[in-house]
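Structure below is coords.cif: mmCIF, C-alpha atoms.
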data_upload
loop_
_atom_site.label_atom_id
_atom_site.label_comp_id
_atom_site.auth_asym_id
_atom_site.auth_seq_id
_atom_site.Cartn_x
_atom_site.Cartn_y
_atom_site.Cartn_z
CA MET A 20 -47.10 188.14 -87.37
CA HIS A 21 -46.68 188.86 -83.69
CA LEU A 22 -43.07 188.93 -82.53
CA ARG A 23 -42.45 188.09 -78.92
CA ARG A 24 -40.02 190.42 -77.24
CA SER A 25 -37.26 188.74 -75.25
CA PRO A 26 -37.00 189.90 -71.67
CA ALA A 27 -34.37 192.45 -70.89
CA PRO A 28 -31.22 190.90 -69.44
CA THR A 29 -31.05 191.16 -65.70
CA THR A 30 -27.90 192.34 -64.01
CA VAL A 31 -26.74 190.04 -61.25
CA ARG A 32 -25.37 192.12 -58.46
CA PRO A 33 -22.61 190.43 -56.48
CA SER A 34 -23.44 189.60 -52.91
CA THR A 35 -21.63 191.40 -50.13
CA TRP A 36 -19.97 188.10 -49.16
CA THR A 37 -18.93 187.04 -52.68
CA ASP A 38 -16.98 190.08 -53.82
CA PRO A 39 -13.22 190.19 -53.11
CA TYR A 40 -13.62 192.01 -49.79
CA GLY A 41 -16.35 189.62 -48.73
CA ARG A 42 -14.22 186.58 -49.48
CA LEU A 43 -11.34 188.17 -47.60
CA ALA A 44 -13.63 188.79 -44.62
CA VAL A 45 -14.80 185.18 -44.66
CA ARG A 46 -11.22 183.92 -44.72
CA CYS A 47 -10.27 186.25 -41.87
CA LEU A 48 -13.24 185.05 -39.82
CA GLN A 49 -12.32 181.43 -40.47
CA THR A 50 -8.73 182.13 -39.46
CA VAL A 51 -9.84 183.79 -36.23
CA VAL A 52 -12.06 180.81 -35.38
CA ILE A 53 -9.21 178.36 -36.06
CA VAL A 54 -6.77 180.39 -33.95
CA VAL A 55 -9.29 180.58 -31.09
CA VAL A 56 -9.88 176.83 -31.19
CA ILE A 57 -6.16 176.06 -31.27
CA GLY A 58 -5.58 178.54 -28.43
CA GLY A 59 -8.31 176.87 -26.39
CA ILE A 60 -6.77 173.44 -26.95
CA VAL A 61 -3.31 174.69 -25.97
CA ALA A 62 -4.69 176.45 -22.89
CA ALA A 63 -6.56 173.32 -21.81
CA ALA A 64 -3.47 171.17 -22.40
CA THR A 65 -1.25 173.47 -20.32
CA THR A 66 -3.85 173.70 -17.57
CA LEU A 67 -4.11 169.91 -17.44
CA SER A 68 -0.38 169.40 -17.90
CA LEU A 69 -0.33 166.80 -15.12
CA VAL A 70 -2.40 164.63 -17.48
CA THR A 71 -1.39 165.74 -20.98
CA ILE A 72 2.38 165.52 -20.45
CA PRO A 73 2.32 161.93 -19.09
CA VAL A 74 0.01 160.90 -21.93
CA LEU A 75 2.30 162.46 -24.56
CA LEU A 76 5.43 160.99 -22.98
CA ALA A 77 3.81 157.56 -22.82
CA LEU A 78 2.68 157.85 -26.44
CA ILE A 79 6.16 158.79 -27.63
CA VAL A 80 7.89 156.00 -25.69
CA ALA A 81 5.25 153.46 -26.73
CA SER A 82 5.76 154.45 -30.37
CA ALA A 83 9.49 153.79 -29.98
CA LEU A 84 8.91 150.38 -28.34
CA TYR A 85 6.05 149.21 -30.54
CA PRO A 86 8.30 147.47 -33.14
CA LEU A 87 9.86 145.39 -30.33
CA VAL A 88 6.48 144.37 -28.92
CA ALA A 89 5.14 143.54 -32.38
CA TRP A 90 8.25 141.47 -33.17
CA LEU A 91 7.88 139.48 -29.95
CA ARG A 92 4.21 138.80 -30.64
CA ARG A 93 4.93 137.67 -34.20
CA HIS A 94 7.42 135.15 -32.83
CA GLY A 95 4.92 133.52 -30.52
CA VAL A 96 5.47 135.45 -27.29
CA PRO A 97 2.16 135.99 -25.45
CA SER A 98 0.88 139.55 -25.58
CA VAL A 99 1.14 140.18 -21.83
CA LEU A 100 4.67 138.75 -21.64
CA ALA A 101 5.83 140.78 -24.67
CA THR A 102 4.39 143.92 -23.09
CA THR A 103 6.04 143.14 -19.77
CA ILE A 104 9.45 142.58 -21.39
CA ALA A 105 9.32 145.93 -23.20
CA PHE A 106 7.88 147.74 -20.17
CA VAL A 107 10.46 146.39 -17.71
CA GLY A 108 13.21 147.08 -20.21
CA VAL A 109 12.31 150.75 -20.61
CA LEU A 110 11.93 151.16 -16.83
CA ALA A 111 15.36 149.60 -16.31
CA ALA A 112 16.87 151.92 -18.93
CA ALA A 113 15.23 154.98 -17.32
CA ALA A 114 16.41 153.88 -13.87
CA GLY A 115 19.93 153.38 -15.22
CA VAL A 116 20.05 156.85 -16.75
CA LEU A 117 18.67 158.37 -13.53
CA TRP A 118 21.22 156.51 -11.43
CA LEU A 119 24.00 157.64 -13.75
CA LEU A 120 22.84 161.24 -13.44
CA VAL A 121 22.70 161.09 -9.64
CA ALA A 122 26.02 159.28 -9.35
CA ALA A 123 27.74 161.66 -11.75
CA PHE A 124 26.51 164.84 -10.09
CA ALA A 125 26.21 163.81 -6.43
CA GLY A 126 29.71 164.76 -5.35
CA GLN A 127 30.89 166.82 -8.30
CA TRP A 128 28.13 169.36 -8.91
CA PRO A 129 29.69 172.10 -6.71
CA ALA A 130 33.00 171.67 -8.55
CA LEU A 131 31.21 171.80 -11.91
CA GLN A 132 29.45 175.02 -10.92
CA ALA A 133 32.64 176.58 -9.63
CA SER A 134 34.56 175.64 -12.79
CA ALA A 135 31.88 177.12 -15.02
CA VAL A 136 31.86 180.38 -13.06
CA ASP A 137 35.66 180.57 -13.04
CA GLY A 138 35.68 179.93 -16.76
CA LEU A 139 33.28 182.81 -17.34
CA GLN A 140 35.54 185.02 -15.24
CA GLN A 141 38.54 184.07 -17.37
CA VAL A 142 36.58 184.86 -20.52
CA GLN A 143 35.83 188.25 -19.01
CA ASP A 144 39.56 188.81 -18.36
CA VAL A 145 40.38 187.90 -21.97
CA LEU A 146 37.81 190.38 -23.26
CA HIS A 147 39.64 193.16 -21.42
CA GLU A 148 42.71 192.50 -23.58
CA LEU A 149 40.93 192.77 -26.94
CA PRO A 150 41.86 195.69 -29.25
CA VAL A 151 38.22 196.76 -29.24
CA ARG A 152 37.36 198.39 -25.95
CA VAL A 153 34.69 196.52 -24.01
CA THR A 154 33.53 198.25 -20.87
CA ASP A 155 33.12 196.47 -17.55
CA GLY A 156 29.43 197.30 -17.54
CA GLN A 157 28.86 195.61 -20.91
CA ILE A 158 30.77 192.52 -19.82
CA GLU A 159 28.99 192.31 -16.50
CA ASP A 160 25.58 192.66 -18.13
CA ALA A 161 26.41 189.84 -20.56
CA VAL A 162 27.97 187.52 -17.98
CA SER A 163 25.88 188.17 -14.88
CA GLY A 164 22.87 186.41 -16.31
CA LEU A 165 24.92 183.32 -17.11
CA VAL A 166 26.60 183.34 -13.71
CA ASP A 167 23.30 183.73 -11.89
CA PHE A 168 21.79 180.92 -13.94
CA VAL A 169 24.68 178.52 -13.35
CA THR A 170 24.87 179.25 -9.63
CA SER A 171 21.14 179.38 -9.00
CA ALA A 172 19.12 176.59 -7.50
CA ARG A 173 16.97 176.56 -10.63
CA PHE A 174 19.87 175.27 -12.72
CA GLY A 175 20.50 172.31 -10.44
CA ALA A 176 17.21 171.43 -8.84
CA GLY A 177 14.73 174.20 -9.47
CA ALA A 178 12.58 172.02 -11.71
CA ILE A 179 11.64 169.82 -8.76
CA ALA A 180 12.05 172.31 -5.92
CA GLY A 181 9.33 172.31 -3.29
CA ILE A 182 6.97 169.66 -2.03
CA SER A 183 4.28 170.48 -4.58
CA ALA A 184 6.64 170.20 -7.53
CA VAL A 185 8.08 166.92 -6.25
CA THR A 186 4.57 165.55 -5.82
CA ASN A 187 3.65 166.56 -9.37
CA VAL A 188 6.80 164.95 -10.77
CA VAL A 189 6.22 161.68 -8.91
CA THR A 190 2.53 161.64 -9.82
CA GLY A 191 3.29 162.35 -13.46
CA ALA A 192 5.97 159.65 -13.57
CA VAL A 193 3.68 157.02 -12.08
CA LEU A 194 0.80 158.03 -14.34
CA SER A 195 3.05 157.99 -17.39
CA ALA A 196 4.31 154.49 -16.50
CA VAL A 197 0.77 153.14 -16.10
CA ILE A 198 -0.39 154.73 -19.37
CA LEU A 199 2.71 153.39 -21.12
CA PHE A 200 1.91 149.84 -20.03
CA PHE A 201 -1.62 150.05 -21.42
CA PHE A 202 -0.42 151.70 -24.64
CA LEU A 203 2.05 148.85 -25.15
CA LYS A 204 -0.51 146.18 -24.33
CA ASP A 205 -3.67 147.55 -25.96
CA GLY A 206 -2.49 150.42 -28.17
CA PRO A 207 -3.97 149.13 -31.46
CA ALA A 208 -7.25 148.22 -29.74
CA ILE A 209 -7.48 151.67 -28.12
CA TRP A 210 -6.90 153.32 -31.50
CA GLU A 211 -9.55 151.17 -33.16
CA PHE A 212 -12.01 152.17 -30.43
CA LEU A 213 -11.29 155.85 -31.08
CA LEU A 214 -11.89 155.28 -34.82
CA ARG A 215 -15.42 153.94 -34.38
CA PRO A 216 -17.13 157.16 -35.54
CA PHE A 217 -15.31 157.01 -38.90
CA THR A 218 -16.22 154.95 -41.96
CA GLY A 219 -15.03 154.62 -45.53
CA ALA A 220 -12.47 157.15 -46.72
CA GLN A 221 -12.48 158.94 -43.36
CA TYR A 222 -11.58 155.69 -41.61
CA ASP A 223 -8.76 155.01 -44.08
CA ARG A 224 -7.41 158.53 -43.54
CA ALA A 225 -7.54 158.15 -39.76
CA ARG A 226 -5.69 154.84 -39.98
CA ARG A 227 -3.00 156.41 -42.17
CA ILE A 228 -2.64 159.28 -39.73
CA GLY A 229 -2.29 156.96 -36.75
CA ASP A 230 0.29 154.79 -38.49
CA ARG A 231 2.32 157.81 -39.60
CA VAL A 232 2.28 159.39 -36.12
CA VAL A 233 3.50 156.17 -34.49
CA THR A 234 6.18 155.71 -37.15
CA THR A 235 7.37 159.33 -36.86
CA LEU A 236 7.47 159.46 -33.07
CA GLY A 237 9.13 156.06 -32.77
CA GLY A 238 11.76 156.84 -35.39
CA TYR A 239 12.48 160.19 -33.76
CA VAL A 240 12.99 158.72 -30.28
CA ARG A 241 15.14 155.80 -31.44
CA GLY A 242 17.24 158.00 -33.70
CA THR A 243 17.70 160.72 -31.07
CA ALA A 244 18.67 158.20 -28.40
CA ALA A 245 21.31 156.70 -30.70
CA VAL A 246 22.66 160.16 -31.60
CA ALA A 247 22.73 161.18 -27.91
CA ALA A 248 24.68 158.04 -27.01
CA PHE A 249 27.19 158.77 -29.79
CA ASP A 250 27.58 162.37 -28.61
CA ALA A 251 28.14 161.32 -25.01
CA VAL A 252 30.71 158.64 -25.90
CA ALA A 253 32.58 160.77 -28.45
CA ILE A 254 32.72 163.93 -26.32
CA GLY A 255 33.47 161.96 -23.15
CA THR A 256 36.31 160.11 -24.88
CA GLY A 257 37.80 163.35 -26.16
CA LEU A 258 37.64 164.92 -22.70
CA ALA A 259 39.21 161.85 -21.10
CA VAL A 260 42.08 161.85 -23.60
CA LEU A 261 42.76 165.52 -22.85
CA GLY A 262 42.65 164.83 -19.12
CA VAL A 263 39.71 167.14 -18.43
CA PRO A 264 38.29 166.72 -14.92
CA LEU A 265 34.61 165.97 -14.38
CA THR A 266 34.57 163.94 -17.60
CA ILE A 267 31.64 161.70 -16.61
CA PRO A 268 29.32 164.56 -15.57
CA LEU A 269 30.13 166.44 -18.77
CA ALA A 270 29.44 163.33 -20.88
CA VAL A 271 26.11 162.90 -19.08
CA VAL A 272 25.26 166.54 -19.82
CA ALA A 273 26.08 165.90 -23.49
CA PHE A 274 23.77 162.86 -23.54
CA VAL A 275 20.83 164.62 -21.88
CA THR A 276 21.08 167.86 -23.85
CA SER A 277 21.29 165.97 -27.15
CA PHE A 278 17.55 165.33 -26.84
CA ILE A 279 17.01 169.07 -27.40
CA PRO A 280 17.84 169.77 -31.07
CA MET A 281 20.03 172.70 -32.12
CA ILE A 282 20.58 174.20 -28.66
CA GLY A 283 21.52 171.08 -26.68
CA ALA A 284 24.96 170.61 -28.21
CA PRO A 285 26.05 174.27 -27.74
CA ILE A 286 25.04 174.06 -24.07
CA ALA A 287 27.11 170.92 -23.46
CA GLY A 288 30.04 172.26 -25.50
CA THR A 289 30.09 175.60 -23.67
CA LEU A 290 30.06 173.93 -20.26
CA ALA A 291 32.84 171.51 -21.25
CA ALA A 292 34.96 174.34 -22.69
CA LEU A 293 34.57 176.45 -19.54
CA VAL A 294 35.62 173.58 -17.27
CA THR A 295 38.61 172.85 -19.54
CA LEU A 296 39.58 176.52 -19.60
CA VAL A 297 39.82 176.61 -15.81
CA ALA A 298 41.56 173.25 -15.39
CA LEU A 299 43.89 173.04 -18.39
CA GLY A 300 44.11 176.46 -20.01
CA PRO A 301 42.84 178.12 -23.19
CA VAL A 302 44.64 175.84 -25.70
CA LYS A 303 42.90 172.68 -24.57
CA ALA A 304 39.64 174.60 -24.18
CA VAL A 305 39.85 175.45 -27.89
CA ILE A 306 40.56 171.77 -28.62
CA VAL A 307 37.42 170.83 -26.69
CA VAL A 308 35.38 173.28 -28.74
CA ALA A 309 36.85 171.74 -31.91
CA ILE A 310 35.91 168.25 -30.69
CA VAL A 311 32.33 169.33 -29.97
CA VAL A 312 32.03 170.99 -33.40
CA LEU A 313 33.43 167.88 -35.12
CA VAL A 314 31.04 165.60 -33.25
CA ASN A 315 28.10 167.78 -34.21
CA GLN A 316 29.17 167.81 -37.86
CA ILE A 317 29.32 164.02 -37.88
CA GLU A 318 25.94 163.91 -36.15
CA GLY A 319 24.25 166.34 -38.53
CA ASN A 320 25.76 165.13 -41.81
CA PHE A 321 25.94 161.37 -41.27
CA LEU A 322 24.14 160.00 -38.21
CA GLN A 323 20.84 161.86 -38.36
CA PRO A 324 20.24 161.23 -42.09
CA VAL A 325 21.03 157.52 -41.63
CA LEU A 326 19.25 156.92 -38.30
CA MET A 327 16.23 159.16 -38.85
CA GLY A 328 15.94 159.20 -42.61
CA ARG A 329 12.82 161.12 -43.56
CA THR A 330 11.40 161.08 -40.03
CA LEU A 331 12.47 164.62 -39.20
CA ARG A 332 12.31 166.54 -42.46
CA LEU A 333 11.92 169.95 -40.85
CA HIS A 334 13.63 173.23 -41.58
CA GLY A 335 15.93 174.56 -38.88
CA LEU A 336 13.79 177.67 -38.50
CA VAL A 337 10.72 175.52 -37.79
CA ILE A 338 12.66 173.58 -35.16
CA LEU A 339 13.91 176.77 -33.51
CA VAL A 340 10.47 178.38 -33.38
CA GLY A 341 8.94 175.13 -32.10
CA LEU A 342 11.57 174.85 -29.37
CA THR A 343 10.93 178.42 -28.29
CA ALA A 344 7.16 177.92 -28.18
CA GLY A 345 7.50 174.61 -26.36
CA THR A 346 9.84 176.13 -23.78
CA VAL A 347 7.48 179.05 -23.14
CA LEU A 348 4.47 176.76 -22.76
CA GLY A 349 6.01 173.79 -20.94
CA GLY A 350 9.53 174.63 -19.80
CA VAL A 351 12.14 171.90 -20.26
CA THR A 352 9.45 169.28 -20.88
CA GLY A 353 7.92 171.46 -23.57
CA ALA A 354 11.31 171.82 -25.26
CA LEU A 355 11.71 168.04 -25.28
CA LEU A 356 8.22 167.41 -26.69
CA ALA A 357 8.00 170.26 -29.19
CA VAL A 358 10.10 168.86 -32.04
CA PRO A 359 8.69 165.28 -32.12
CA LEU A 360 5.14 166.66 -32.00
CA ILE A 361 5.88 169.09 -34.85
CA ALA A 362 7.45 166.24 -36.84
CA ALA A 363 4.37 164.10 -36.21
CA GLY A 364 2.09 166.94 -37.31
CA TRP A 365 4.03 167.39 -40.53
CA GLY A 366 3.85 163.64 -41.08
CA VAL A 367 0.05 163.85 -40.82
CA VAL A 368 -0.02 166.60 -43.46
CA ARG A 369 2.09 164.46 -45.80
CA VAL A 370 -0.34 161.50 -45.76
CA TRP A 371 -3.62 163.44 -45.53
CA ASN A 372 -4.87 162.44 -48.99
CA GLY A 373 -3.03 159.11 -49.26
CA GLU A 374 0.37 157.53 -48.90
CA ASP A 375 2.88 160.23 -49.89
CA GLU A 376 -0.02 162.46 -51.00
CA PRO A 377 0.05 165.64 -48.90
CA ALA A 378 -2.97 167.76 -48.11
CA THR A 379 -3.97 169.89 -51.10
CA PRO A 380 -2.74 173.28 -49.74
CA TRP A 381 0.73 171.81 -49.09
CA ARG A 382 1.03 169.80 -52.30
CA GLN A 383 3.69 170.96 -54.74
CA LYS A 384 1.77 172.47 -57.65
CA ARG A 385 4.60 173.77 -59.79
CA ARG A 386 8.33 173.57 -60.14
CA GLU A 387 9.70 175.48 -57.18
CA THR A 388 12.86 177.32 -58.08
CA VAL A 389 14.77 179.67 -55.84
CA PRO A 390 16.54 182.53 -57.62
CA VAL A 391 20.24 182.83 -56.96
CA GLY A 392 21.63 186.26 -56.15
#
So, in terms of structure tokens, how does the structure I just supplied come out?
Amino acid sequence: MHLRRSPAPTTVRPSTWTDPYGRLAVRCLQTVVIVVVIGGIVAAATTLSLVTIPVLLALIVASALYPLVAWLRRHGVPSVLATTIAFVGVLAAAAGVLWLLVAAFAGQWPALQASAVDGLQQVQDVLHELPVRVTDGQIEDAVSGLVDFVTSARFGAGAIAGISAVTNVVTGAVLSAVILFFFLKDGPAIWEFLLRPFTGAQYDRARRIGDRVVTTLGGYVRGTAAVAAFDAVAIGTGLAVLGVPLTIPLAVVAFVTSFIPMIGAPIAGTLAALVTLVALGPVKAVIVVAIVVLVNQIEGNFLQPVLMGRTLRLHGLVILVGLTAGTVLGGVTGALLAVPLIAAGWGVVRVWNGEDEPATPWRQKRRETVPVG
């Protein structure tokens, strides 16, 4: 009987790209490609900032006003009239804030600058009396930058200094207003047009993403505006009760800076404390600091959770890094846009695979415990 010999087993040699180093190389190459693409997008956006910033501003404002427009349409108001009501309303609000800024600072800006500089000088004098020796050179190095910033033209009007900058600001404002009108009037139709290439599950995902971005941006703007109004009224009332001069300009500063998370309140509080230190002495300056801290505690622990809910579920470190990156890339405008855009991006991740179903890499896969100690 003839026995057939089985073939000798063959050894499968791993490919260069399938062993651990190969897989690591592939991941590194993919990461480099992603970073290059993101860098190209950011570079193009900053180069075309005269277009991208108005579009982003219009998108954010339209997201905040969309519930009003939708409510008017559901109650029988024609689409064009509903759009016009919301559009005129936001223009009137912007004009009112601008007028308030100009009226508050027109005749009192030199006094505000002088008070801030004098306050810094008094802080320097106090530091000389501390038990720990602080040299004049150390104090001057720490204070000179602040003094130069407060007294420089950049602090007051550097953002729009020069004919070219003024032209860009006016052009951007007009373009943003026009884009805002069309976003309010035809926003859903524009989004549906952009979704034409998608079908099936991809279309459903794109719709979820669009809805979440609008919800996140709108909730952020409405919540931040309410918080800023509370900060301005509370801090302004406290300053008025103490008899601090320049109360209205300081309240306006508190309102405007509240749109920049984390760093806005310390800026307003520091300026108010310096003015109070010069006008009323150190005791009331400390009281002003206490008022600002109390207002911020109420804001952080009560107002933001109630007004924003889950809209801005971001760690403080993420907000700080985003603010820094936004400021480097886009100045003050970048600082204003950074946090809502990051919040919108995180919202997209959270609905990538479905309602409240995050993208797989960011889905919680185990019980996450943090060791104590």
request  = Name the closest residue to Val370 in chain A among the candidates A:Ile228, A:Val263, A:Leu117, A:Val337; distances are taken between atoms, counting all atoms listed in the file.
outcome  = A:Ile228
For the structure provided, state which residues fall under the PyMOL selection byres ((chain A and resi 74-85) around 6), and present them as an mmCIF file with C-alpha atoms, keeping the file's coordinate frame.
data_model
loop_
_atom_site.group_PDB
_atom_site.id
_atom_site.type_symbol
_atom_site.label_atom_id
_atom_site.label_comp_id
_atom_site.auth_asym_id
_atom_site.auth_seq_id
_atom_site.Cartn_x
_atom_site.Cartn_y
_atom_site.Cartn_z
ATOM 1 C CA THR A 71 -1.390 165.740 -20.980
ATOM 2 C CA ILE A 72 2.380 165.520 -20.450
ATOM 3 C CA PRO A 73 2.320 161.930 -19.090
ATOM 4 C CA PRO A 86 8.300 147.470 -33.140
ATOM 5 C CA LEU A 87 9.860 145.390 -30.330
ATOM 6 C CA VAL A 88 6.480 144.370 -28.920
ATOM 7 C CA SER A 195 3.050 157.990 -17.390
ATOM 8 C CA LEU A 199 2.710 153.390 -21.120
ATOM 9 C CA LEU A 203 2.050 148.850 -25.150
ATOM 10 C CA VAL A 233 3.500 156.170 -34.490
ATOM 11 C CA LEU A 236 7.470 159.460 -33.070
ATOM 12 C CA GLY A 237 9.130 156.060 -32.770
#
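The gap separating CA of Ala291 in chain A from CA of Leu269 in chain A is 6.3 Å, in Å to one decimal.
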request  = Run the PyMOL selection byres ((chain A and resi 375-388) around 12) on the file and write out the hits as a ChimeraX atom specification.
outcome  = /A:224,227-228,231,329,364-374,389-391
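Proximity ranking of A:Ala122, A:Ile282, A:Leu348, A:Ala253 relative to Ala63 in chain A places A:Leu348 first, based on all atoms listed in the file.
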ask   = Could you name the residues that touch Ile286 in chain A at 12 Å or less, counting all atoms listed in the file, but leaving out those on the same chain fewer than 6 positions away, as number ranges by chain?
value = A: 135, 165, 169, 269, 272-280, 292-293, 308, 311
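Taking CA of Met281 in chain A and CA of Val325 in chain A as endpoints, the distance between them is 17.9 Å.
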query = With only C-alpha atoms as the atoms that count, which of A:Leu322, A:Ile60, A:Ala357, A:Ala105 lies nearest to Ala245 in chain A?
reply = A:Leu322
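Neighbours of Val307 in chain A closer than or equal to 9 Å, with only C-alpha atoms counted and sequence neighbours fewer than 2 positions away skipped, come out as Ile254, Gly257, Leu258, Leu261, Gly288, Ala291, Ala292, Thr295, Val302, Lys303, Ala304, Val305, Ala309, Ile310, Val311 and Val312 of chain A.
Interatomic distance, CA of Asp250 in chain A to CA of Pro268 in chain A: 13.3 Å.
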message = Using all atoms listed in the file, which protein or nucleic acid residues come within 12 Å of Trp90 in chain A? Drop anything in the same chain fewer than 6 positions from it, and give the result as a VMD selection string.
response = chain A and resid 84 96 to 98 101 to 102 104 to 105
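Nearest to Lys204 in chain A of all the residues A:Val294, A:Ala89, A:Ala244, A:Val358 is A:Ala89, counting only C-alpha atoms.
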ask   = Given the choices A:Ala44, A:Val121, A:Ile361, A:Val61, which gets closest to Ile267 in chain A if the distance is worked out from only C-alpha atoms?
value = A:Val121
task = Give the answer as one residue: which of A:Val314, A:Ala113, A:Ala220, A:Val297 has the shortest atom-to-atom distance to Pro285 in chain A, using all atoms listed in the file?
result = A:Val314
